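Dumped structure.txt below, it's compact mmCIF, C-alpha atoms and all ligand atoms:
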```txt
# COMPACT_ATOMS: atom_id res chain seq x y z
CA MET A 1 42.54 -42.57 10.99
CA PHE A 2 39.35 -41.14 12.51
CA ASP A 3 38.43 -39.60 9.17
CA GLU A 4 38.42 -43.14 7.71
CA ILE A 5 36.18 -44.68 10.36
CA ALA A 6 33.80 -41.77 11.02
CA LYS A 7 30.75 -43.20 9.25
CA ARG A 8 30.63 -46.45 11.22
CA TYR A 9 32.15 -45.05 14.42
CA ASP A 10 28.91 -44.79 16.44
CA LEU A 11 27.69 -48.24 15.44
CA LEU A 12 30.96 -49.87 16.49
CA ASN A 13 31.05 -47.90 19.73
CA HIS A 14 27.66 -49.25 20.77
CA LEU A 15 28.45 -52.75 19.54
CA LEU A 16 31.94 -53.16 21.00
CA SER A 17 31.04 -51.59 24.34
CA LEU A 18 27.94 -53.80 24.52
CA GLY A 19 25.89 -50.61 24.97
CA GLN A 20 27.94 -49.52 28.01
CA ASP A 21 28.98 -46.28 26.28
CA TYR A 22 25.54 -44.78 27.00
CA TYR A 23 26.10 -45.44 30.70
CA TRP A 24 29.67 -44.02 30.68
CA ARG A 25 28.46 -40.81 29.06
CA ARG A 26 25.60 -40.45 31.57
CA VAL A 27 28.13 -40.69 34.42
CA MET A 28 30.33 -38.13 32.66
CA THR A 29 27.46 -35.65 32.26
CA ARG A 30 26.47 -36.11 35.90
CA GLU A 31 30.05 -35.58 37.12
CA LEU A 32 30.56 -32.50 34.96
CA GLY A 33 27.63 -31.03 36.90
CA ILE A 34 26.99 -28.36 34.33
CA LYS A 35 24.22 -25.80 34.75
CA ALA A 36 21.98 -24.25 32.08
CA ALA A 37 23.69 -21.62 29.92
CA GLU A 38 27.20 -22.57 31.10
CA ARG A 39 29.86 -22.97 28.40
CA VAL A 40 31.24 -26.46 27.88
CA LEU A 41 34.04 -27.60 25.63
CA ASP A 42 33.68 -31.15 24.34
CA LEU A 43 37.33 -31.77 23.48
CA ALA A 44 37.95 -34.44 20.82
CA ALA A 45 34.17 -34.36 20.39
CA GLY A 46 34.22 -36.78 17.47
CA THR A 47 30.68 -37.61 16.37
CA GLY A 48 29.19 -35.61 19.24
CA ASP A 49 27.60 -38.31 21.40
CA SER A 50 28.90 -36.69 24.59
CA SER A 51 27.80 -33.23 23.45
CA ILE A 52 24.21 -34.48 23.18
CA GLY A 53 24.13 -35.17 26.93
CA PHE A 54 25.59 -31.76 27.80
CA LEU A 55 23.10 -29.97 25.54
CA LYS A 56 20.23 -31.65 27.40
CA THR A 57 21.33 -29.78 30.55
CA GLY A 58 20.87 -26.49 28.67
CA ALA A 59 24.60 -25.83 28.28
CA GLN A 60 26.23 -24.08 25.32
CA VAL A 61 28.56 -26.67 23.82
CA VAL A 62 31.55 -26.30 21.53
CA GLY A 63 32.87 -29.54 20.01
CA LEU A 64 36.52 -29.37 18.95
CA ASP A 65 38.18 -32.16 17.00
CA LEU A 66 41.06 -32.84 14.65
CA SER A 67 38.95 -34.96 12.29
CA ILE A 68 36.67 -33.13 9.88
CA ASN A 69 34.73 -36.28 9.00
CA MET A 70 33.95 -37.02 12.66
CA LEU A 71 32.70 -33.45 13.07
CA LYS A 72 30.56 -33.76 9.94
CA VAL A 73 28.76 -36.73 11.52
CA ALA A 74 28.24 -34.66 14.70
CA GLN A 75 26.80 -31.76 12.74
CA LYS A 76 24.38 -34.06 10.91
CA LYS A 77 23.14 -35.55 14.19
CA ILE A 78 22.88 -32.39 16.29
CA ALA A 79 20.63 -29.53 15.22
CA ASP A 80 20.64 -27.73 18.59
CA PRO A 81 21.42 -23.97 18.24
CA GLY A 82 23.53 -24.23 21.40
CA PHE A 83 26.02 -26.48 19.60
CA ALA A 84 28.95 -25.43 17.45
CA VAL A 85 31.90 -27.36 16.07
CA ILE A 86 35.47 -26.23 15.55
CA HIS A 87 38.13 -28.07 13.62
CA GLY A 88 41.37 -27.84 15.56
CA SER A 89 43.98 -29.45 17.75
CA ALA A 90 43.93 -29.99 21.50
CA TYR A 91 47.53 -28.80 21.62
CA GLU A 92 46.73 -25.30 20.41
CA MET A 93 43.11 -24.52 21.00
CA PRO A 94 41.70 -21.43 19.34
CA PHE A 95 40.21 -20.07 22.59
CA HIS A 96 41.13 -17.33 25.03
CA ASP A 97 42.36 -18.27 28.51
CA ARG A 98 39.55 -19.09 30.97
CA SER A 99 36.85 -19.49 28.31
CA PHE A 100 34.85 -22.46 29.60
CA ASP A 101 32.93 -23.38 32.75
CA GLY A 102 33.51 -27.05 32.08
CA LEU A 103 35.48 -29.29 29.77
CA ALA A 104 34.92 -32.92 28.86
CA CYS A 105 37.10 -35.26 26.87
CA ALA A 106 35.78 -38.74 26.13
CA PHE A 107 38.23 -41.31 24.76
CA GLY A 108 40.33 -38.56 23.24
CA ILE A 109 43.25 -38.01 25.63
CA ARG A 110 44.72 -41.48 24.91
CA ASN A 111 45.28 -40.31 21.33
CA MET A 112 47.10 -37.16 22.42
CA HIS A 113 50.61 -38.48 22.76
CA GLU A 114 51.92 -35.25 24.23
CA THR A 115 49.61 -35.70 27.20
CA PRO A 116 51.15 -33.08 29.55
CA ARG A 117 50.92 -30.52 26.75
CA ALA A 118 47.23 -31.34 26.19
CA LEU A 119 46.51 -31.13 29.92
CA SER A 120 48.14 -27.74 30.25
CA GLU A 121 46.06 -26.47 27.29
CA ILE A 122 42.95 -27.88 28.99
CA PHE A 123 43.92 -26.05 32.19
CA ARG A 124 44.43 -22.81 30.28
CA VAL A 125 40.98 -22.70 28.68
CA ILE A 126 38.97 -23.52 31.82
CA LYS A 127 37.79 -20.77 34.15
CA PRO A 128 38.96 -20.82 37.79
CA GLY A 129 36.43 -23.00 39.61
CA GLY A 130 35.74 -24.85 36.37
CA ARG A 131 35.52 -28.61 36.10
CA VAL A 132 37.13 -31.14 33.83
CA VAL A 133 35.94 -34.68 33.22
CA ILE A 134 38.03 -37.11 31.22
CA LEU A 135 36.63 -40.47 30.27
CA GLU A 136 39.22 -42.97 29.12
CA PHE A 137 39.80 -46.68 28.74
CA SER A 138 42.05 -48.47 31.19
CA MET A 139 43.45 -51.96 31.65
CA PRO A 140 41.59 -53.62 34.53
CA VAL A 141 43.52 -55.36 37.28
CA GLY A 142 42.92 -58.84 38.68
CA TRP A 143 41.19 -61.81 37.07
CA PHE A 144 39.39 -59.71 34.47
CA ARG A 145 42.63 -58.39 32.95
CA PRO A 146 43.49 -61.43 30.78
CA VAL A 147 39.84 -61.77 29.71
CA TYR A 148 39.77 -58.14 28.63
CA ARG A 149 43.15 -58.40 26.91
CA PHE A 150 41.84 -61.35 24.90
CA TYR A 151 38.71 -59.39 24.00
CA LEU A 152 40.76 -56.40 22.81
CA LYS A 153 43.28 -58.43 20.87
CA ASN A 154 40.92 -60.89 19.18
CA ALA A 155 37.23 -60.06 19.35
CA VAL A 156 37.44 -56.29 18.81
CA PRO A 157 39.47 -56.41 15.54
CA ALA A 158 37.39 -59.33 14.23
CA VAL A 159 34.06 -57.56 14.80
CA ALA A 160 35.48 -54.26 13.54
CA ALA A 161 36.66 -55.91 10.31
CA LEU A 162 33.03 -56.75 9.46
CA PHE A 163 31.96 -53.10 9.50
CA SER A 164 35.01 -50.84 9.42
CA GLU A 165 38.82 -50.64 9.34
CA ARG A 166 40.39 -53.52 11.24
CA SER A 167 43.69 -51.65 11.75
CA ALA A 168 41.99 -48.76 13.54
CA TYR A 169 40.58 -51.16 16.09
CA GLU A 170 43.89 -52.99 16.47
CA TYR A 171 45.29 -49.57 17.37
CA LEU A 172 42.51 -49.22 19.95
CA GLY A 173 43.70 -52.28 21.89
CA ASP A 174 47.38 -51.32 21.56
CA SER A 175 46.79 -47.77 22.73
CA ILE A 176 44.74 -48.87 25.74
CA GLY A 177 47.59 -51.18 26.77
CA LYS A 178 50.08 -48.32 26.51
CA PHE A 179 48.02 -45.65 28.26
CA TYR A 180 48.83 -44.39 31.77
CA THR A 181 47.62 -46.24 34.83
CA PRO A 182 44.97 -44.29 36.76
CA ALA A 183 47.56 -43.37 39.42
CA ALA A 184 50.03 -42.08 36.81
CA PHE A 185 47.31 -40.12 35.03
CA ARG A 186 46.17 -38.54 38.29
CA LYS A 187 49.75 -37.37 38.87
CA LEU A 188 49.82 -35.79 35.40
CA MET A 189 46.57 -33.93 36.14
CA GLU A 190 47.94 -32.66 39.44
CA ASP A 191 51.21 -31.62 37.76
CA ALA A 192 49.14 -29.62 35.26
CA GLY A 193 47.65 -27.68 38.19
CA PHE A 194 44.33 -29.44 38.74
CA VAL A 195 42.99 -30.00 42.25
CA ASN A 196 40.36 -32.21 43.86
CA CYS A 197 41.13 -35.07 41.48
CA ARG A 198 38.74 -37.95 41.81
CA GLN A 199 38.73 -41.13 39.76
CA ILE A 200 35.74 -43.39 39.26
CA PRO A 201 36.25 -46.89 37.81
CA LEU A 202 33.44 -48.06 35.54
CA SER A 203 32.61 -51.44 33.99
CA PHE A 204 35.17 -53.55 35.91
CA GLY A 205 37.80 -50.81 35.60
CA THR A 206 37.89 -50.98 31.80
CA VAL A 207 36.97 -47.29 31.80
CA TYR A 208 37.87 -44.52 34.24
CA LEU A 209 36.19 -41.20 34.76
CA HIS A 210 38.87 -38.72 35.88
CA ARG A 211 37.34 -35.61 37.41
CA ALA A 212 39.20 -32.50 38.60
CA GLU A 213 38.90 -28.76 39.08
CA ARG A 214 40.86 -25.64 38.36
CA SER A 215 41.11 -23.65 41.55
CA ARG A 216 42.97 -20.53 40.38
C1 LIG A 301 37.96 -42.32 20.09
S1 LIG A 301 37.45 -40.82 19.39
C2 LIG A 301 36.37 -40.18 20.63
C3 LIG A 301 35.29 -39.30 20.06
C4 LIG A 301 34.21 -38.87 21.06
N1 LIG A 301 34.75 -38.02 22.09
C5 LIG A 301 33.51 -40.05 21.67
O1 LIG A 301 33.49 -40.17 22.89
O2 LIG A 301 32.95 -40.85 20.93
C6 LIG A 301 38.90 -39.85 19.56
C7 LIG A 301 38.78 -38.48 18.91
O3 LIG A 301 39.92 -37.71 19.28
C8 LIG A 301 40.23 -36.87 18.21
N2 LIG A 301 41.61 -36.40 18.39
C9 LIG A 301 42.74 -37.13 18.43
N3 LIG A 301 43.80 -36.34 18.63
C10 LIG A 301 43.33 -35.07 18.74
C11 LIG A 301 43.94 -33.80 18.95
N4 LIG A 301 45.26 -33.68 19.11
N5 LIG A 301 43.15 -32.71 18.99
C12 LIG A 301 41.81 -32.81 18.83
N6 LIG A 301 41.18 -33.98 18.62
C13 LIG A 301 41.93 -35.10 18.58
C14 LIG A 301 40.04 -37.77 17.00
O4 LIG A 301 39.93 -37.04 15.79
C15 LIG A 301 38.76 -38.51 17.39
O5 LIG A 301 37.60 -37.88 16.91
```

Take the structure I supplied and represent it as structure tokens, if you would.
Ligand SMILES: C[S@@+](CC[C@H](N)C(=O)[O-])C[C@H]1O[C@@H](n2cnc3c(N)ncnc32)[C@H](O)[C@@H]1O
Amino acid sequence: MFDEIAKRYDLLNHLLSLGQDYYWRRVMTRELGIKAAERVLDLAAGTGDSSIGFLKTGAQVVGLDLSINMLKVAQKKIADPGFAVIHGSAYEMPFHDRSFDGLACAFGIRNMHETPRALSEIFRVIKPGGRVVILEFSMPVGWFRPVYRFYLKNAVPAVAALFSERSAYEYLGDSIGKFYTPAAFRKLMEDAGFVNCRQIPLSFGTVYLHRAERSR
């Protein structure tokens, strides 16, 4: 699916998030707290928009993704010698244990249906003391919930149909509705071995930044 929508993916991201995606990624980079020359894995890197922020901190960034076309867009956009892409799956990453100082995954984990398996792979490739930041959509609670549901069900597919594949953006709304609540996701992270889990709601709770560490 992501191969099909790769070319217009960035445009629709900016459009459908009303430009909020820039803000979410800034928060993610800040919370990752990466230092120059540290090694960062951008998991499900897609077109590389998150990687750009990490590279600005002087980090060495590897972008891994299942979609070749998404990675091609990333490679076209990013000429930095500190950036490399790898085609592969989050479930079996081609890295040694304890390879990275930090790992980020923006809007990718929702698509990994074997979530505990993905989280244990994430745990495996991070160094002890390393940080993980996971940015993901969430269903807000309270009065904004029905407004947001309407937006996802009606406006998002209609706008997407003008520029890209309507079905991919219908899937977006469906998958957000089916994804774990923040409390359930926190439990999964803790079960995978992560400590110091902290969750930051963004944009009325439509997005959460889940941050945690590997202690051992
Ligand atoms: C919504 S996009 C997010 C891309 C990028 N991180 C961003 O923030 O714009 C989801 C990405 O997850 C990738 N993906 C889905 N399942 C994956 C898996 N099992 N392993 C690696 N990448 C995966 C897709 O190919 C797609 O590029």

With all atoms listed in the file as the basis for distance, which of A:Ile86, A:Met112, A:Leu16, A:Val125 is at the shortest distance from ligand LIG 301 (chain A)?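 Ranked by minimum distance to ligand LIG 301 (chain A), first place goes to A:Met112.
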
Please find the residues contacting ligand LIG 301 (chain A) at a distance of at most 7 Å between atoms, with all atoms listed in the file counted, and report them as number ranges by chain. A: 2, 43-50, 64-67, 70, 88-91, 105-108, 111-112

Residue selection dump (C-alpha atoms) as a PDB file, in the coordinates of the input:
```pdb
ATOM      1  CA  PHE A   2      39.350 -41.140  12.510  1.00  0.00           C
ATOM      2  CA  LEU A  43      37.330 -31.770  23.480  1.00  0.00           C
ATOM      3  CA  ALA A  44      37.950 -34.440  20.820  1.00  0.00           C
ATOM      4  CA  ALA A  45      34.170 -34.360  20.390  1.00  0.00           C
ATOM      5  CA  GLY A  46      34.220 -36.780  17.470  1.00  0.00           C
ATOM      6  CA  THR A  47      30.680 -37.610  16.370  1.00  0.00           C
ATOM      7  CA  GLY A  48      29.190 -35.610  19.240  1.00  0.00           C
ATOM      8  CA  ASP A  49      27.600 -38.310  21.400  1.00  0.00           C
ATOM      9  CA  SER A  50      28.900 -36.690  24.590  1.00  0.00           C
ATOM     10  CA  LEU A  64      36.520 -29.370  18.950  1.00  0.00           C
ATOM     11  CA  ASP A  65      38.180 -32.160  17.000  1.00  0.00           C
ATOM     12  CA  LEU A  66      41.060 -32.840  14.650  1.00  0.00           C
ATOM     13  CA  SER A  67      38.950 -34.960  12.290  1.00  0.00           C
ATOM     14  CA  MET A  70      33.950 -37.020  12.660  1.00  0.00           C
ATOM     15  CA  GLY A  88      41.370 -27.840  15.560  1.00  0.00           C
ATOM     16  CA  SER A  89      43.980 -29.450  17.750  1.00  0.00           C
ATOM     17  CA  ALA A  90      43.930 -29.990  21.500  1.00  0.00           C
ATOM     18  CA  TYR A  91      47.530 -28.800  21.620  1.00  0.00           C
ATOM     19  CA  CYS A 105      37.100 -35.260  26.870  1.00  0.00           C
ATOM     20  CA  ALA A 106      35.780 -38.740  26.130  1.00  0.00           C
ATOM     21  CA  PHE A 107      38.230 -41.310  24.760  1.00  0.00           C
ATOM     22  CA  GLY A 108      40.330 -38.560  23.240  1.00  0.00           C
ATOM     23  CA  ASN A 111      45.280 -40.310  21.330  1.00  0.00           C
ATOM     24  CA  MET A 112      47.100 -37.160  22.420  1.00  0.00           C
TER      25      MET A 112
END
```

Leaving out Val85 (chain A) and any residue of its chain fewer than 6 positions from it, which residues lie within 7 Å of it when counting all atoms listed in the file, given as a ChimeraX atom specification? /A:62-64,71

Please identify all polymer residues within 9 Å of Ser51 (chain A), counting all atoms listed in the file, omitting same-chain residues fewer than 6 positions from it, and present them as a list of chain:residue names.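 These residues fall inside the cut-off: A:Val40, A:Leu41, A:Asp42, A:Ala45, A:Val61, A:Val62, A:Gly63, A:Ala74, A:Ile78, A:Phe83, A:Ala104.
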
Point-to-point distance in Å for CA of Arg211 (chain A) and CA of Asn196 (chain A): 7.9 Å

Test item: residues at most 7 Å from region 140-155 of chain A, all atoms listed in the file, excluding those fewer than 6 positions along its chain, as a ChimeraX atom specification: /A:173,204-206
